[in-house]
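K.L.:
Below you will find the structure I want to go over with you.
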Amino acid sequence: MAIIKVTDASFKTDVMESTKTVLVDFWAEWCGPCRMISPILDELVQEVGDTAVIAKLNIDENPETPAMLGIRSIPTIMLFKDGKVVGTKVGVQSKATLSAWIQSV
């Protein structure tokens with residue numbers, strides 16, 4: 001499975017209505033730490049397989065969703081289950097931390 005690109009228009013369908021756990025990375029091109037976490041997410045998507053969805057939302061191209069969720073710093077990573085936020089982490093996280101986080105849900 002690959003990382004999916006989520007937009008303001010697709011957020012409800014791709015994240016809120018998903019039957020799987022969804023990890024969403026809120027990022028921007030200009031953000032150094034966001035670029036650092038990208039390869040970690042590429043590895044993580046292979047590890048979680050079909051058990052969860054890994055998604056990225058560019059906050060510059062899609063400002064409505066981050067504003068609605070109160071995101072003030074990036075990278076912010078949110079974990080959604082059954083349309084609800086079940087956890088939030090801010091800053092670069094290790095693959096092991098993210099993997100354990102997803103498995104805990």
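Chain lettering (A, B, ...) mirrors the order of the structure tokens, residue numbering begins at 1 for each chain separately, and ligand numbering begins at 1 in order of display.
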Out of chain A, which residues get strand (DSSP E or B) from DSSP, as a PyMOL selection string?
P.N.:
chain A and resi 4-5+21-27+52-58+76-81+84-90
K.L.:
Near Val85 (chain A), counting only C-alpha atoms, which residues have an atom at most 12 Å away, once you skip same-chain residues fewer than 2 positions from it, shown as a ChimeraX atom specification?
P.N.:
/A:15-16,21-24,69-70,77-83,87-89,105
K.L.:
Give me the residues near Ser94 (chain A) as a tab-separated table (two decimals) with all heavy atoms, in the first residue's frame, where near means some atom within 10 Å (using only C-alpha atoms) and where sequence neighbours in that chain fewer than 5 positions away do not count.
P.N.:
```tsv
chain	number	residue	atom	x	y	z
A	37	ILE	N	10.66	13.42	8.29
A	37	ILE	CA	9.74	12.34	8.65
A	37	ILE	C	9.22	11.58	7.43
A	37	ILE	O	8.78	10.44	7.55
A	37	ILE	CB	8.59	12.87	9.52
A	37	ILE	CG1	8.00	11.73	10.33
A	37	ILE	CG2	7.52	13.56	8.69
A	37	ILE	CD1	7.09	12.16	11.46
A	40	ILE	N	10.55	8.08	6.93
A	40	ILE	CA	10.06	7.23	8.01
A	40	ILE	C	8.66	6.73	7.68
A	40	ILE	O	8.34	5.55	7.87
A	40	ILE	CB	10.08	8.00	9.35
A	40	ILE	CG1	11.53	8.32	9.74
A	40	ILE	CG2	9.37	7.22	10.46
A	40	ILE	CD1	11.69	9.31	10.88
A	41	LEU	N	7.83	7.62	7.15
A	41	LEU	CA	6.47	7.24	6.77
A	41	LEU	C	6.49	6.26	5.59
A	41	LEU	O	5.66	5.35	5.53
A	41	LEU	CB	5.63	8.47	6.45
A	41	LEU	CG	5.37	9.42	7.61
A	41	LEU	CD1	4.59	10.64	7.15
A	41	LEU	CD2	4.66	8.73	8.76
A	44	LEU	N	7.15	3.02	7.13
A	44	LEU	CA	6.03	2.62	7.98
A	44	LEU	C	4.86	2.08	7.16
A	44	LEU	O	4.21	1.11	7.55
A	44	LEU	CB	5.58	3.81	8.83
A	44	LEU	CG	4.54	3.53	9.90
A	44	LEU	CD1	5.09	2.55	10.94
A	44	LEU	CD2	4.12	4.82	10.58
A	99	SER	N	4.88	3.11	14.82
A	99	SER	CA	4.37	1.75	14.66
A	99	SER	C	3.66	1.29	15.92
A	99	SER	O	2.54	0.76	15.86
A	99	SER	CB	5.52	0.82	14.31
A	99	SER	OG	5.05	-0.50	14.16
```
K.L.:
So which one's closest to Lys84 (chain A), A:Thr51, A:Cys31, A:Asp8, A:Thr19? Using only C-alpha atoms, please.
P.N.:
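The closest residue to Lys84 (chain A) is A:Thr19.
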K.L.:
Residues within 7 Å of Lys5 (chain A), please, as an MDAnalysis selection string. Count only C-alpha atoms; anything in the same chain fewer than 4 positions from it doesn't count.
P.N.:
chainID A and resid 55:57
K.L.:
Write a file of the selected residues as an mmCIF file, in the first residue's frame, keeping C-alpha atoms.
P.N.:
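Produced file part.cif, reproduced below:
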```cif
data_model
loop_
_atom_site.group_PDB
_atom_site.id
_atom_site.type_symbol
_atom_site.label_atom_id
_atom_site.label_comp_id
_atom_site.auth_asym_id
_atom_site.auth_seq_id
_atom_site.Cartn_x
_atom_site.Cartn_y
_atom_site.Cartn_z
ATOM 1 C CA ALA A 55 -1.910 9.843 4.630
ATOM 2 C CA LYS A 56 -0.301 13.231 4.063
ATOM 3 C CA LEU A 57 -2.048 16.601 3.916
#
```
K.L.:
Mind pulling up the distance from CA of Arg35 (chain A) to CA of Arg72 (chain A)?
P.N.:
17.7 Å
K.L.:
How far is it from CA of Ala28 (chain A) to CA of Ile4 (chain A), in Å with one decimal?
P.N.:
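We find that CA of Ala28 (chain A) and CA of Ile4 (chain A) lie 15.2 Å from each other.
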K.L.:
If you run DSSP on this backbone, which residues of region 3-52 of chain A come out as alpha helix (DSSP H), and could you give them as a compact mmCIF listing (two decimals) with N, CA, C and O atoms, in the first residue's frame?
P.N.:
```
# COMPACT_ATOMS: atom_id res chain seq x y z
N PHE A 11 -10.83 14.86 2.73
CA PHE A 11 -10.55 14.50 4.12
C PHE A 11 -11.70 13.71 4.75
O PHE A 11 -11.47 12.70 5.41
N GLY A 32 11.53 21.76 7.26
CA GLY A 32 12.64 20.81 7.36
C GLY A 32 12.30 19.53 8.10
O GLY A 32 12.54 18.43 7.60
N PRO A 33 11.74 19.63 9.33
CA PRO A 33 11.37 18.41 10.04
C PRO A 33 10.33 17.56 9.28
O PRO A 33 10.34 16.34 9.40
N CYS A 34 9.48 18.22 8.51
CA CYS A 34 8.49 17.47 7.71
C CYS A 34 9.20 16.60 6.67
O CYS A 34 8.80 15.47 6.42
N ARG A 35 10.26 17.15 6.08
CA ARG A 35 11.03 16.38 5.10
C ARG A 35 11.77 15.24 5.77
O ARG A 35 11.99 14.19 5.17
N MET A 36 12.15 15.42 7.04
CA MET A 36 12.85 14.36 7.78
C MET A 36 11.94 13.17 8.06
O MET A 36 12.39 12.02 8.09
N ILE A 37 10.66 13.42 8.29
CA ILE A 37 9.74 12.34 8.65
C ILE A 37 9.22 11.58 7.43
O ILE A 37 8.78 10.44 7.55
N SER A 38 9.34 12.17 6.26
CA SER A 38 8.81 11.54 5.05
C SER A 38 9.37 10.14 4.79
O SER A 38 8.60 9.20 4.54
N PRO A 39 10.70 9.91 4.85
CA PRO A 39 11.20 8.55 4.63
C PRO A 39 10.76 7.57 5.72
O PRO A 39 10.60 6.38 5.47
N ILE A 40 10.55 8.08 6.93
CA ILE A 40 10.06 7.23 8.01
C ILE A 40 8.66 6.73 7.68
O ILE A 40 8.34 5.55 7.87
N LEU A 41 7.83 7.62 7.15
CA LEU A 41 6.47 7.24 6.77
C LEU A 41 6.49 6.26 5.59
O LEU A 41 5.66 5.35 5.53
N ASP A 42 7.44 6.45 4.67
CA ASP A 42 7.56 5.53 3.54
C ASP A 42 7.86 4.11 4.02
O ASP A 42 7.33 3.14 3.49
N GLU A 43 8.71 3.98 5.04
CA GLU A 43 9.00 2.67 5.62
C GLU A 43 7.81 2.14 6.40
O GLU A 43 7.48 0.96 6.35
N LEU A 44 7.15 3.02 7.13
CA LEU A 44 6.03 2.62 7.98
C LEU A 44 4.86 2.08 7.16
O LEU A 44 4.21 1.11 7.55
N VAL A 45 4.61 2.68 6.00
CA VAL A 45 3.49 2.22 5.18
C VAL A 45 3.69 0.78 4.73
O VAL A 45 2.72 0.01 4.63
N GLN A 46 4.94 0.38 4.51
CA GLN A 46 5.22 -1.01 4.14
C GLN A 46 4.99 -1.93 5.34
O GLN A 46 4.50 -3.05 5.19
N GLU A 47 5.33 -1.45 6.52
CA GLU A 47 5.21 -2.25 7.74
C GLU A 47 3.75 -2.49 8.14
O GLU A 47 3.39 -3.58 8.54
N VAL A 48 2.92 -1.46 8.05
CA VAL A 48 1.53 -1.60 8.51
C VAL A 48 0.64 -2.31 7.49
O VAL A 48 -0.41 -2.84 7.85
```
K.L.:
Can you measure CA of Pro63 (chain A) to CA of Ala9 (chain A) for me? One decimal in Å is fine.
P.N.:
10.9 Å
K.L.:
Which of these, A:Ile54, A:Glu29, A:Ala2, A:Lys95, has the shortest distance to Asp14 (chain A) once you count only C-alpha atoms?
P.N.:
A:Ile54
